[in-house]
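Shown next, in structure tokens, is the structure this report addresses.
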Amino acid sequence: MILDRVALAAAERVYASAGARAGLYAFDALAAKAPSPRVRGEAILRAIECAVEAGARDDAARLAASWTGAPGADWDARVVAVSLALAGAGLVPAALDLARAESRARPQARLAYLVGRLCAELGDAGRADAIAAFAEAEERAEREGAGAIAAHARLRRARAVAEAEGVAAAAEIAKGVAAADVGPNESMQLARILLGARSRFARATGLGHLEALAAGGDRATRARCAAIAIAHGERAGDALSALEADRIAAVLKHGADAPERRAAAARLPQLGGRAPAVDVADVAARTAEGRALVQRARALLGGAGRNMRAPAGSMDLELTWLAHDVCAAVADGDRPAAARALLALTARCRDATRVPRPVWTAITLATAVPGMVRADALALAARALELRAEAPARGWASVGAALLRAGREDLAEAALRRGLAAGEPAAERALFEIARSRGWRAARRGERDLALAALREAKRIAAGVAK
């Protein structure tokens, strides 16, 4: 050990006194006649670093190709650092030689991940090898219990597959990545991949990642999340599901100010409450009430209209006007005004015999706001579900999903059963998931009869969906 330290120290003194090129020659010579495998390994790595510093590209490539691993020491951290230095100098093939040799000598997740990253740097020529290396890194990481490496490897594999096979195939891989296991930049990449999934649930998960980033990010991050969400909605067009529309609205709540939200609503009518004019589309616009509602909807979209007083008219007109008050206040982030409008709407619903469509939009939006606004919205939902009602603009499934996210499975089930009666496939599927989940929860508690009843209900609903 003493001789090892002396030999390496002598070469370091040459480097310190005469520069990188002299250090390259000193370490290269030491590697050729090293007294031990440890000295040879360190000498090769230091010679590579000197070659990079001196711009001796051929020497750097030659030395990297000579690496076969050095027994007797843990070299992975040093090899990673030197490989990245080579890649930073534009010597990616040399970096890949070094990383692959060490990965063969010591099969570790960290090294396989490095190989994948370097292969990806080669573009089309290295993409297939990158996909294989990231898959190997993920497998090794799972065996080693290295969850973060596994998540990053899976995400990078998904990115490579997106470039090779398309984003739909990549989304199938990315669905296995938990946003909590990767950083904010990677979470945004994950979201963008998931937005290309065939499943609307996977796309909604991607939008959920954007919402989380917007909620905790700076202004630039919030704006970027909003832009991605709006672009997704515009690409989807009429195919945008109610679930995705809800998530886009949630992203915009954090990621855009009130005028931007209104502009987005004008371009994305599927957002419902962000564009009150969607709700009044079914009102007979030739009547005085219809003209009043259309006039106010246009004013709200233009950033005004919140202070307009409702004209005298029917109960439907009054409830719709109050519902628009809720939607506008939520869109502007004005929680006190939203709470006041919800209380007024609930009070008027006590005297109503039916619920017009815009009320469901108001409930859907308001349940996404924590605190008293959500509590007031749930109280309104409980009353509204006791009355006859127009179908929600985006279907009962969207209302059920909002109520479920707000923690009221009982109200969600009541809304979804209305959707089931109306023949909504999305409501049927959501009810199936609720029944199945209830059954398994009861089974875990040891409540056998309740579990069997819930699972039989799920089976019955599934049979109905299958038809």
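Naming works like this for the structure tokens: A, B, ... for the chains as they're shown, residue 1 at the start of each chain, ligands 1 onward in shown order.
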
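Using only C-alpha atoms, the residues found no farther than 12 Å from Leu450 of chain A, other than those of its own chain fewer than 5 positions away, are Ala435, Arg436, Ser437, Arg438, Gly439, Trp440, Arg441, Ala442, Ala443, Arg444, Arg445, Leu455, Arg456 and Glu457 of chain A.
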
Resulting file, chosen residues, N, CA and C atoms, as a PDB file, in the first residue's frame:
ATOM      1  N   ALA A 435     -67.553  -0.223  -6.437  1.00  0.00           N
ATOM      2  CA  ALA A 435     -68.047  -1.452  -5.824  1.00  0.00           C
ATOM      3  C   ALA A 435     -66.911  -2.439  -5.568  1.00  0.00           C
ATOM      4  N   ARG A 436     -66.022  -2.576  -6.534  1.00  0.00           N
ATOM      5  CA  ARG A 436     -64.910  -3.507  -6.367  1.00  0.00           C
ATOM      6  C   ARG A 436     -64.008  -3.069  -5.213  1.00  0.00           C
ATOM      7  N   SER A 437     -63.682  -1.764  -5.177  1.00  0.00           N
ATOM      8  CA  SER A 437     -62.837  -1.244  -4.108  1.00  0.00           C
ATOM      9  C   SER A 437     -63.495  -1.437  -2.744  1.00  0.00           C
ATOM     10  N   ARG A 438     -64.809  -1.212  -2.685  1.00  0.00           N
ATOM     11  CA  ARG A 438     -65.528  -1.394  -1.417  1.00  0.00           C
ATOM     12  C   ARG A 438     -65.464  -2.856  -0.981  1.00  0.00           C
ATOM     13  N   GLY A 439     -65.601  -3.747  -1.929  1.00  0.00           N
ATOM     14  CA  GLY A 439     -65.542  -5.172  -1.613  1.00  0.00           C
ATOM     15  C   GLY A 439     -64.197  -5.589  -1.042  1.00  0.00           C
ATOM     16  N   TRP A 440     -63.121  -5.134  -1.670  1.00  0.00           N
ATOM     17  CA  TRP A 440     -61.794  -5.516  -1.185  1.00  0.00           C
ATOM     18  C   TRP A 440     -61.485  -4.875   0.151  1.00  0.00           C
ATOM     19  N   ARG A 441     -61.970  -3.651   0.379  1.00  0.00           N
ATOM     20  CA  ARG A 441     -61.764  -3.023   1.692  1.00  0.00           C
ATOM     21  C   ARG A 441     -62.475  -3.816   2.787  1.00  0.00           C
ATOM     22  N   ALA A 442     -63.692  -4.254   2.494  1.00  0.00           N
ATOM     23  CA  ALA A 442     -64.432  -5.050   3.471  1.00  0.00           C
ATOM     24  C   ALA A 442     -63.730  -6.387   3.722  1.00  0.00           C
ATOM     25  N   ALA A 443     -63.191  -6.975   2.664  1.00  0.00           N
ATOM     26  CA  ALA A 443     -62.483  -8.253   2.817  1.00  0.00           C
ATOM     27  C   ALA A 443     -61.265  -8.092   3.712  1.00  0.00           C
ATOM     28  N   ARG A 444     -60.535  -6.991   3.543  1.00  0.00           N
ATOM     29  CA  ARG A 444     -59.352  -6.769   4.384  1.00  0.00           C
ATOM     30  C   ARG A 444     -59.739  -6.561   5.852  1.00  0.00           C
ATOM     31  N   ARG A 445     -60.943  -6.012   6.088  1.00  0.00           N
ATOM     32  CA  ARG A 445     -61.407  -5.834   7.464  1.00  0.00           C
ATOM     33  C   ARG A 445     -61.998  -7.114   8.048  1.00  0.00           C
ATOM     34  N   LEU A 455     -68.714  -7.245  -4.039  1.00  0.00           N
ATOM     35  CA  LEU A 455     -68.084  -7.861  -5.207  1.00  0.00           C
ATOM     36  C   LEU A 455     -69.125  -8.428  -6.172  1.00  0.00           C
ATOM     37  N   ARG A 456     -70.249  -8.911  -5.629  1.00  0.00           N
ATOM     38  CA  ARG A 456     -71.332  -9.355  -6.515  1.00  0.00           C
ATOM     39  C   ARG A 456     -71.906  -8.158  -7.276  1.00  0.00           C
ATOM     40  N   GLU A 457     -72.032  -7.018  -6.578  1.00  0.00           N
ATOM     41  CA  GLU A 457     -72.512  -5.805  -7.238  1.00  0.00           C
ATOM     42  C   GLU A 457     -71.558  -5.384  -8.351  1.00  0.00           C
TER      43      GLU A 457
END

At a cut-off of 7 Å, using only C-alpha atoms, what residues contact Ala11 of chain A? Leave out same-chain residues fewer than 4 positions from it and give the result as a PDB file with N, CA and C atoms, in the first residue's frame.
ATOM      1  N   ALA A   7       3.913   5.730  -5.651  1.00  0.00           N
ATOM      2  CA  ALA A   7       3.900   5.762  -7.113  1.00  0.00           C
ATOM      3  C   ALA A   7       2.882   6.769  -7.642  1.00  0.00           C
ATOM      4  N   TYR A  15       2.140  16.029 -12.735  1.00  0.00           N
ATOM      5  CA  TYR A  15       0.978  16.754 -13.253  1.00  0.00           C
ATOM      6  C   TYR A  15       0.913  18.164 -12.670  1.00  0.00           C
ATOM      7  N   GLY A  23       1.403  15.120 -17.163  1.00  0.00           N
ATOM      8  CA  GLY A  23       0.710  14.188 -16.287  1.00  0.00           C
ATOM      9  C   GLY A  23       0.189  12.981 -17.044  1.00  0.00           C
ATOM     10  N   ALA A  26       3.056  10.649 -17.498  1.00  0.00           N
ATOM     11  CA  ALA A  26       3.459  10.029 -16.239  1.00  0.00           C
ATOM     12  C   ALA A  26       2.481   8.937 -15.821  1.00  0.00           C
ATOM     13  N   PHE A  27       1.197   9.227 -15.871  1.00  0.00           N
ATOM     14  CA  PHE A  27       0.205   8.223 -15.462  1.00  0.00           C
ATOM     15  C   PHE A  27       0.124   7.070 -16.462  1.00  0.00           C
TER      16      PHE A  27
END

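As for atom CA of Ala47 of chain A and atom CA of Leu24 of chain A, they are spaced 4.7 Å apart.
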
Taking 5 positions as the minimum chain separation for residues in the same chain, which residues sit within 10 Å of Thr221 of chain A when counting only C-alpha atoms? Answer as a short mmCIF file (atom, residue, chain, number, x, y, z; two decimals) with N, CA and C atoms, in the first residue's frame.
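The resulting result36.cif:
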data_model
loop_
_atom_site.label_atom_id
_atom_site.label_comp_id
_atom_site.auth_asym_id
_atom_site.auth_seq_id
_atom_site.Cartn_x
_atom_site.Cartn_y
_atom_site.Cartn_z
N PRO A 184 -38.60 17.36 -10.42
CA PRO A 184 -39.62 18.15 -11.11
C PRO A 184 -39.48 18.14 -12.63
N ASN A 185 -38.25 18.28 -13.14
CA ASN A 185 -38.07 18.26 -14.59
C ASN A 185 -38.49 16.93 -15.18
N MET A 188 -42.27 16.51 -15.35
CA MET A 188 -42.87 17.15 -16.51
C MET A 188 -42.69 16.28 -17.76
N LEU A 210 -49.00 17.40 -13.84
CA LEU A 210 -48.87 18.83 -14.17
C LEU A 210 -49.52 19.69 -13.09
N LEU A 213 -47.17 19.88 -10.16
CA LEU A 213 -46.04 20.76 -10.45
C LEU A 213 -46.46 22.23 -10.42
N ALA A 214 -47.63 22.51 -10.99
CA ALA A 214 -48.10 23.90 -11.01
C ALA A 214 -48.40 24.40 -9.59
N ALA A 215 -48.94 23.51 -8.76
CA ALA A 215 -49.29 23.91 -7.39
C ALA A 215 -48.05 24.28 -6.58
N GLY A 216 -46.93 23.62 -6.83
CA GLY A 216 -45.74 23.87 -6.03
C GLY A 216 -44.62 24.58 -6.75
N ALA A 226 -49.50 24.97 -17.55
CA ALA A 226 -50.76 25.40 -18.16
C ALA A 226 -50.71 25.29 -19.67
N ALA A 227 -49.58 25.69 -20.26
CA ALA A 227 -49.45 25.63 -21.72
C ALA A 227 -49.52 24.19 -22.22
N GLY A 255 -52.02 27.31 -12.65
CA GLY A 255 -51.02 27.70 -13.64
C GLY A 255 -51.35 28.89 -14.50
#

- Near segment 59-62 of chain A, counting only C-alpha atoms, which residues have an atom at most 12 Å away, once you skip same-chain residues fewer than 2 positions from it, shown as a VMD selection string? chain A and resid 21 24 to 25 27 to 28 44 to 57 64 to 67 82 to 83 85 to 87 89 to 98

Dump C-alpha atoms for the selected residues as an mmCIF file, in the first residue's frame?
data_model
loop_
_atom_site.group_PDB
_atom_site.id
_atom_site.type_symbol
_atom_site.label_atom_id
_atom_site.label_comp_id
_atom_site.auth_asym_id
_atom_site.auth_seq_id
_atom_site.Cartn_x
_atom_site.Cartn_y
_atom_site.Cartn_z
ATOM 1 C CA ARG A 21 0.174 16.580 -20.986
ATOM 2 C CA LEU A 24 -0.750 12.089 -19.103
ATOM 3 C CA TYR A 25 2.672 10.654 -19.911
ATOM 4 C CA PHE A 27 0.205 8.223 -15.462
ATOM 5 C CA ASP A 28 0.284 6.312 -18.760
ATOM 6 C CA ILE A 44 -5.513 4.709 -16.229
ATOM 7 C CA LEU A 45 -8.346 6.867 -14.945
ATOM 8 C CA ARG A 46 -6.024 9.750 -14.070
ATOM 9 C CA ALA A 47 -4.321 9.431 -17.468
ATOM 10 C CA ILE A 48 -7.734 9.718 -19.150
ATOM 11 C CA GLU A 49 -8.539 12.837 -17.121
ATOM 12 C CA CYS A 50 -5.199 14.362 -18.106
ATOM 13 C CA ALA A 51 -5.798 13.458 -21.774
ATOM 14 C CA VAL A 52 -9.204 15.178 -21.688
ATOM 15 C CA GLU A 53 -7.684 18.265 -20.101
ATOM 16 C CA ALA A 54 -4.825 18.329 -22.612
ATOM 17 C CA GLY A 55 -7.119 17.750 -25.597
ATOM 18 C CA ALA A 56 -5.335 14.487 -26.437
ATOM 19 C CA ARG A 57 -8.431 12.788 -27.845
ATOM 20 C CA ALA A 64 -10.621 4.117 -22.215
ATOM 21 C CA ALA A 65 -10.518 1.077 -24.503
ATOM 22 C CA SER A 66 -7.809 -0.480 -22.309
ATOM 23 C CA TRP A 67 -10.016 -0.524 -19.230
ATOM 24 C CA VAL A 82 -14.436 9.922 -15.794
ATOM 25 C CA SER A 83 -17.025 8.663 -18.291
ATOM 26 C CA ALA A 85 -15.857 13.898 -18.367
ATOM 27 C CA LEU A 86 -15.181 12.046 -21.631
ATOM 28 C CA ALA A 87 -18.744 12.586 -22.811
ATOM 29 C CA ALA A 89 -15.463 16.553 -24.102
ATOM 30 C CA GLY A 90 -17.359 15.058 -27.037
ATOM 31 C CA LEU A 91 -15.763 11.608 -26.663
ATOM 32 C CA VAL A 92 -18.987 9.645 -26.183
ATOM 33 C CA PRO A 93 -17.733 6.407 -27.834
ATOM 34 C CA ALA A 94 -14.680 6.404 -25.527
ATOM 35 C CA ALA A 95 -16.923 7.076 -22.524
ATOM 36 C CA LEU A 96 -19.114 4.188 -23.609
ATOM 37 C CA ASP A 97 -16.100 1.848 -23.877
ATOM 38 C CA LEU A 98 -15.107 2.695 -20.331
#
